[in-house]
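query.cif (mmCIF, N, CA and C atoms)
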data_start
#
loop_
_atom_site.group_PDB
_atom_site.id
_atom_site.type_symbol
_atom_site.label_atom_id
_atom_site.label_comp_id
_atom_site.auth_asym_id
_atom_site.auth_seq_id
_atom_site.Cartn_x
_atom_site.Cartn_y
_atom_site.Cartn_z
ATOM 1 N N MET O 1 -8.788 -58.273 147.860
ATOM 2 C CA MET O 1 -8.899 -58.284 149.303
ATOM 3 C C MET O 1 -7.522 -58.143 149.925
ATOM 4 N N ARG O 2 -7.500 -57.470 151.014
ATOM 5 C CA ARG O 2 -6.228 -57.328 151.700
ATOM 6 C C ARG O 2 -5.950 -58.565 152.532
ATOM 7 N N LEU O 3 -4.688 -58.783 152.756
ATOM 8 C CA LEU O 3 -4.280 -59.960 153.526
ATOM 9 C C LEU O 3 -4.784 -59.884 154.961
ATOM 10 N N LEU O 4 -4.823 -58.677 155.517
ATOM 11 C CA LEU O 4 -5.275 -58.510 156.890
ATOM 12 C C LEU O 4 -6.738 -58.913 157.045
ATOM 13 N N GLU O 5 -7.554 -58.646 156.036
ATOM 14 C CA GLU O 5 -8.965 -59.020 156.110
ATOM 15 C C GLU O 5 -9.140 -60.535 156.087
ATOM 16 N N LEU O 6 -8.189 -61.243 155.515
ATOM 17 C CA LEU O 6 -8.260 -62.702 155.506
ATOM 18 C C LEU O 6 -7.762 -63.299 156.817
ATOM 19 N N ILE O 7 -6.815 -62.631 157.446
ATOM 20 C CA ILE O 7 -6.194 -63.190 158.647
ATOM 21 C C ILE O 7 -7.000 -62.888 159.908
ATOM 22 N N LEU O 8 -7.660 -61.726 159.972
ATOM 23 C CA LEU O 8 -8.373 -61.339 161.194
ATOM 24 C C LEU O 8 -9.428 -62.342 161.652
ATOM 25 N N PRO O 9 -10.266 -62.901 160.760
ATOM 26 C CA PRO O 9 -11.229 -63.918 161.251
ATOM 27 C C PRO O 9 -10.534 -65.151 161.833
ATOM 28 N N LEU O 10 -9.448 -65.534 161.255
ATOM 29 C CA LEU O 10 -8.719 -66.689 161.777
ATOM 30 C C LEU O 10 -8.151 -66.388 163.158
ATOM 31 N N LEU O 11 -7.603 -65.180 163.322
ATOM 32 C CA LEU O 11 -7.061 -64.800 164.623
ATOM 33 C C LEU O 11 -8.148 -64.690 165.680
ATOM 34 N N SER O 12 -9.318 -64.218 165.288
ATOM 35 C CA SER O 12 -10.397 -64.112 166.263
ATOM 36 C C SER O 12 -10.911 -65.497 166.653
ATOM 37 N N LEU O 13 -10.898 -66.447 165.741
ATOM 38 C CA LEU O 13 -11.284 -67.813 166.091
ATOM 39 C C LEU O 13 -10.287 -68.438 167.061
ATOM 40 N N LEU O 14 -9.039 -68.106 166.897
ATOM 41 C CA LEU O 14 -8.005 -68.656 167.773
ATOM 42 C C LEU O 14 -7.852 -67.855 169.062
ATOM 43 N N ASP O 15 -8.642 -66.788 169.220
ATOM 44 C CA ASP O 15 -8.613 -65.922 170.388
ATOM 45 C C ASP O 15 -7.229 -65.301 170.581
ATOM 46 N N VAL O 16 -6.623 -64.897 169.482
ATOM 47 C CA VAL O 16 -5.314 -64.270 169.524
ATOM 48 C C VAL O 16 -5.443 -62.764 169.495
ATOM 49 N N ARG O 17 -6.440 -62.274 168.801
ATOM 50 C CA ARG O 17 -6.591 -60.836 168.632
ATOM 51 C C ARG O 17 -6.881 -60.167 169.975
ATOM 52 N N GLY O 18 -6.130 -59.141 170.283
ATOM 53 C CA GLY O 18 -6.342 -58.390 171.494
ATOM 54 C C GLY O 18 -5.635 -58.943 172.717
ATOM 55 N N HIS O 19 -4.915 -60.026 172.594
ATOM 56 C CA HIS O 19 -4.211 -60.583 173.743
ATOM 57 C C HIS O 19 -2.857 -59.910 173.883
ATOM 58 N N ILE O 20 -2.654 -59.259 174.994
ATOM 59 C CA ILE O 20 -1.369 -58.622 175.281
ATOM 60 C C ILE O 20 -0.761 -59.363 176.456
ATOM 61 N N PRO O 21 0.304 -60.094 176.237
ATOM 62 C CA PRO O 21 0.884 -60.854 177.347
ATOM 63 C C PRO O 21 1.520 -59.920 178.374
ATOM 64 N N ARG O 22 1.373 -60.269 179.615
ATOM 65 C CA ARG O 22 2.006 -59.533 180.695
ATOM 66 C C ARG O 22 3.118 -60.388 181.267
ATOM 67 N N PHE O 23 3.940 -59.788 182.115
ATOM 68 C CA PHE O 23 5.038 -60.552 182.702
ATOM 69 C C PHE O 23 4.517 -61.667 183.589
ATOM 70 N N ASP O 24 3.346 -61.468 184.196
ATOM 71 C CA ASP O 24 2.784 -62.491 185.075
ATOM 72 C C ASP O 24 2.381 -63.745 184.309
ATOM 73 N N ASP O 25 2.141 -63.603 183.010
ATOM 74 C CA ASP O 25 1.732 -64.756 182.214
ATOM 75 C C ASP O 25 2.881 -65.732 181.970
ATOM 76 N N PHE O 26 4.097 -65.255 182.067
ATOM 77 C CA PHE O 26 5.259 -66.088 181.748
ATOM 78 C C PHE O 26 6.166 -66.148 182.971
ATOM 79 N N ARG O 27 5.906 -67.072 183.830
ATOM 80 C CA ARG O 27 6.735 -67.249 185.017
ATOM 81 C C ARG O 27 7.986 -68.027 184.628
ATOM 82 N N PRO O 28 9.141 -67.637 185.138
ATOM 83 C CA PRO O 28 10.361 -68.366 184.779
ATOM 84 C C PRO O 28 10.331 -69.780 185.361
ATOM 85 N N ALA O 29 10.689 -70.721 184.543
ATOM 86 C CA ALA O 29 10.731 -72.110 184.977
ATOM 87 C C ALA O 29 12.025 -72.354 185.745
ATOM 88 N N PRO O 30 12.008 -73.256 186.695
ATOM 89 C CA PRO O 30 13.245 -73.547 187.418
ATOM 90 C C PRO O 30 14.271 -74.176 186.483
ATOM 91 N N ALA O 31 15.510 -73.788 186.678
ATOM 92 C CA ALA O 31 16.582 -74.303 185.820
ATOM 93 C C ALA O 31 16.822 -75.774 186.146
ATOM 94 N N ALA O 32 16.774 -76.596 185.131
ATOM 95 C CA ALA O 32 16.996 -78.026 185.323
ATOM 96 C C ALA O 32 18.484 -78.315 185.277
ATOM 97 N N SER O 33 18.944 -79.077 186.239
ATOM 98 C CA SER O 33 20.359 -79.433 186.245
ATOM 99 C C SER O 33 20.604 -80.547 185.236
ATOM 100 N N VAL O 34 21.815 -80.582 184.727
ATOM 101 C CA VAL O 34 22.185 -81.593 183.739
ATOM 102 C C VAL O 34 22.429 -82.910 184.477
ATOM 103 N N PRO O 35 21.860 -83.998 184.011
ATOM 104 C CA PRO O 35 22.091 -85.287 184.670
ATOM 105 C C PRO O 35 23.580 -85.653 184.678
ATOM 106 N N VAL O 36 23.980 -86.353 185.721
ATOM 107 C CA VAL O 36 25.396 -86.716 185.890
ATOM 108 C C VAL O 36 25.855 -87.627 184.759
ATOM 109 N N GLY O 37 24.984 -88.483 184.275
ATOM 110 C CA GLY O 37 25.361 -89.404 183.207
ATOM 111 C C GLY O 37 25.728 -88.679 181.920
ATOM 112 N N VAL O 38 25.046 -87.579 181.631
ATOM 113 C CA VAL O 38 25.338 -86.807 180.420
ATOM 114 C C VAL O 38 26.709 -86.153 180.544
ATOM 115 N N VAL O 39 27.012 -85.635 181.734
ATOM 116 C CA VAL O 39 28.309 -84.989 181.943
ATOM 117 C C VAL O 39 29.433 -86.010 181.830
ATOM 118 N N ARG O 40 29.227 -87.176 182.405
ATOM 119 C CA ARG O 40 30.263 -88.231 182.331
ATOM 120 C C ARG O 40 30.461 -88.706 180.897
ATOM 121 N N ALA O 41 29.384 -88.873 180.154
ATOM 122 C CA ALA O 41 29.502 -89.327 178.768
ATOM 123 C C ALA O 41 30.200 -88.274 177.913
ATOM 124 N N LEU O 42 29.881 -87.008 178.137
ATOM 125 C CA LEU O 42 30.529 -85.944 177.379
ATOM 126 C C LEU O 42 32.009 -85.843 177.716
ATOM 127 N N SER O 43 32.357 -85.970 178.984
ATOM 128 C CA SER O 43 33.772 -85.906 179.360
ATOM 129 C C SER O 43 34.536 -87.119 178.830
ATOM 130 N N ALA O 44 33.906 -88.281 178.799
ATOM 131 C CA ALA O 44 34.560 -89.461 178.239
ATOM 132 C C ALA O 44 34.778 -89.305 176.742
ATOM 133 N N ALA O 45 33.794 -88.741 176.040
ATOM 134 C CA ALA O 45 33.940 -88.534 174.601
ATOM 135 C C ALA O 45 35.050 -87.531 174.308
ATOM 136 N N ILE O 46 35.152 -86.484 175.125
ATOM 137 C CA ILE O 46 36.220 -85.503 174.933
ATOM 138 C C ILE O 46 37.576 -86.135 175.195
ATOM 139 N N ALA O 47 37.670 -86.981 176.229
ATOM 140 C CA ALA O 47 38.939 -87.646 176.540
ATOM 141 C C ALA O 47 39.362 -88.589 175.414
ATOM 142 N N VAL O 48 38.420 -89.323 174.858
ATOM 143 C CA VAL O 48 38.738 -90.237 173.752
ATOM 144 C C VAL O 48 39.171 -89.449 172.528
ATOM 145 N N PHE O 49 38.481 -88.355 172.228
ATOM 146 C CA PHE O 49 38.858 -87.529 171.094
ATOM 147 C C PHE O 49 40.244 -86.944 171.281
ATOM 148 N N ALA O 50 40.571 -86.487 172.485
ATOM 149 C CA ALA O 50 41.899 -85.930 172.748
ATOM 150 C C ALA O 50 42.972 -86.996 172.607
ATOM 151 N N ALA O 51 42.714 -88.198 173.090
ATOM 152 C CA ALA O 51 43.691 -89.281 172.982
ATOM 153 C C ALA O 51 43.922 -89.661 171.517
ATOM 154 N N LEU O 52 42.847 -89.750 170.743
ATOM 155 C CA LEU O 52 43.010 -90.076 169.325
ATOM 156 C C LEU O 52 43.748 -88.974 168.571
ATOM 157 N N ALA O 53 43.476 -87.722 168.910
ATOM 158 C CA ALA O 53 44.163 -86.608 168.260
ATOM 159 C C ALA O 53 45.655 -86.632 168.589
ATOM 160 N N LEU O 54 45.987 -86.902 169.842
ATOM 161 C CA LEU O 54 47.407 -86.979 170.223
ATOM 162 C C LEU O 54 48.093 -88.169 169.565
ATOM 163 N N ALA O 55 47.404 -89.289 169.465
ATOM 164 C CA ALA O 55 47.993 -90.461 168.809
ATOM 165 C C ALA O 55 48.243 -90.172 167.334
ATOM 166 N N LEU O 56 47.296 -89.527 166.670
ATOM 167 C CA LEU O 56 47.476 -89.181 165.264
ATOM 168 C C LEU O 56 48.617 -88.190 165.093
ATOM 169 N N TRP O 57 48.700 -87.210 165.978
ATOM 170 C CA TRP O 57 49.795 -86.240 165.913
ATOM 171 C C TRP O 57 51.135 -86.943 166.097
ATOM 172 N N GLY O 58 51.196 -87.889 167.032
ATOM 173 C CA GLY O 58 52.434 -88.638 167.265
ATOM 174 C C GLY O 58 52.820 -89.477 166.056
ATOM 175 N N LEU O 59 51.864 -90.103 165.420
ATOM 176 C CA LEU O 59 52.167 -90.912 164.234
ATOM 177 C C LEU O 59 52.671 -90.054 163.082
ATOM 178 N N VAL O 60 52.051 -88.893 162.883
ATOM 179 C CA VAL O 60 52.519 -87.995 161.825
ATOM 180 C C VAL O 60 53.905 -87.469 162.145
ATOM 181 N N TRP O 61 54.168 -87.131 163.389
ATOM 182 C CA TRP O 61 55.490 -86.647 163.799
ATOM 183 C C TRP O 61 56.540 -87.740 163.586
ATOM 184 N N LEU O 62 56.197 -88.980 163.928
ATOM 185 C CA LEU O 62 57.131 -90.090 163.742
ATOM 186 C C LEU O 62 57.392 -90.352 162.252
ATOM 187 N N ALA O 63 56.344 -90.270 161.440
ATOM 188 C CA ALA O 63 56.505 -90.501 160.002
ATOM 189 C C ALA O 63 57.378 -89.422 159.393
ATOM 190 N N ILE O 64 57.208 -88.185 159.801
ATOM 191 C CA ILE O 64 58.034 -87.093 159.273
ATOM 192 C C ILE O 64 59.479 -87.265 159.739
ATOM 193 N N ALA O 65 59.665 -87.681 160.980
ATOM 194 C CA ALA O 65 61.020 -87.868 161.518
ATOM 195 C C ALA O 65 61.750 -89.000 160.807
ATOM 196 N N LEU O 66 61.042 -90.022 160.392
ATOM 197 C CA LEU O 66 61.678 -91.180 159.752
ATOM 198 C C LEU O 66 61.996 -90.901 158.268
ATOM 199 N N LEU O 67 61.373 -89.884 157.689
ATOM 200 C CA LEU O 67 61.670 -89.585 156.290
ATOM 201 C C LEU O 67 62.958 -88.907 156.240
#

Could you quickly redo this structure as structure tokens?
Amino acid sequence: MRLLELILPLLSLLDVRGHIPRFDDFRPAPAASVPVGVVRALSAAIAVFAALALALWGLVWLAIALL
């Protein structure tokens, strides 16, 4: 048996066969704005990461200078 002969009854049960979507079927959803709390948390995490990176760079620079 061919694979298509096995799949067609399943597709007809699911009412998929013959459905051609049109543009009217998929209306664009309104763009959701990002909550302010998420932006603040992300900016705080970036600031902490930058501070830790600079502190580590300073410690390595100091260790190299002292050698």

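Taking atom CA of Ala53 of chain O as the reference point, atom CA of Gly37 of chain O is found at 24.2 Å.
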
Report the distance between atom C of Pro35 of chain O and atom C of Ala47 of chain O in Å, rounded to one decimal place.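 Distance reported for this atom pair: 18.5 Å.
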
Between atom N of Leu59 of chain O and atom C of Ile46 of chain O, what is the distance in Å, rounded to a tenth?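 Answer for the atom N of Leu59 of chain O to atom C of Ile46 of chain O separation: 17.8 Å.
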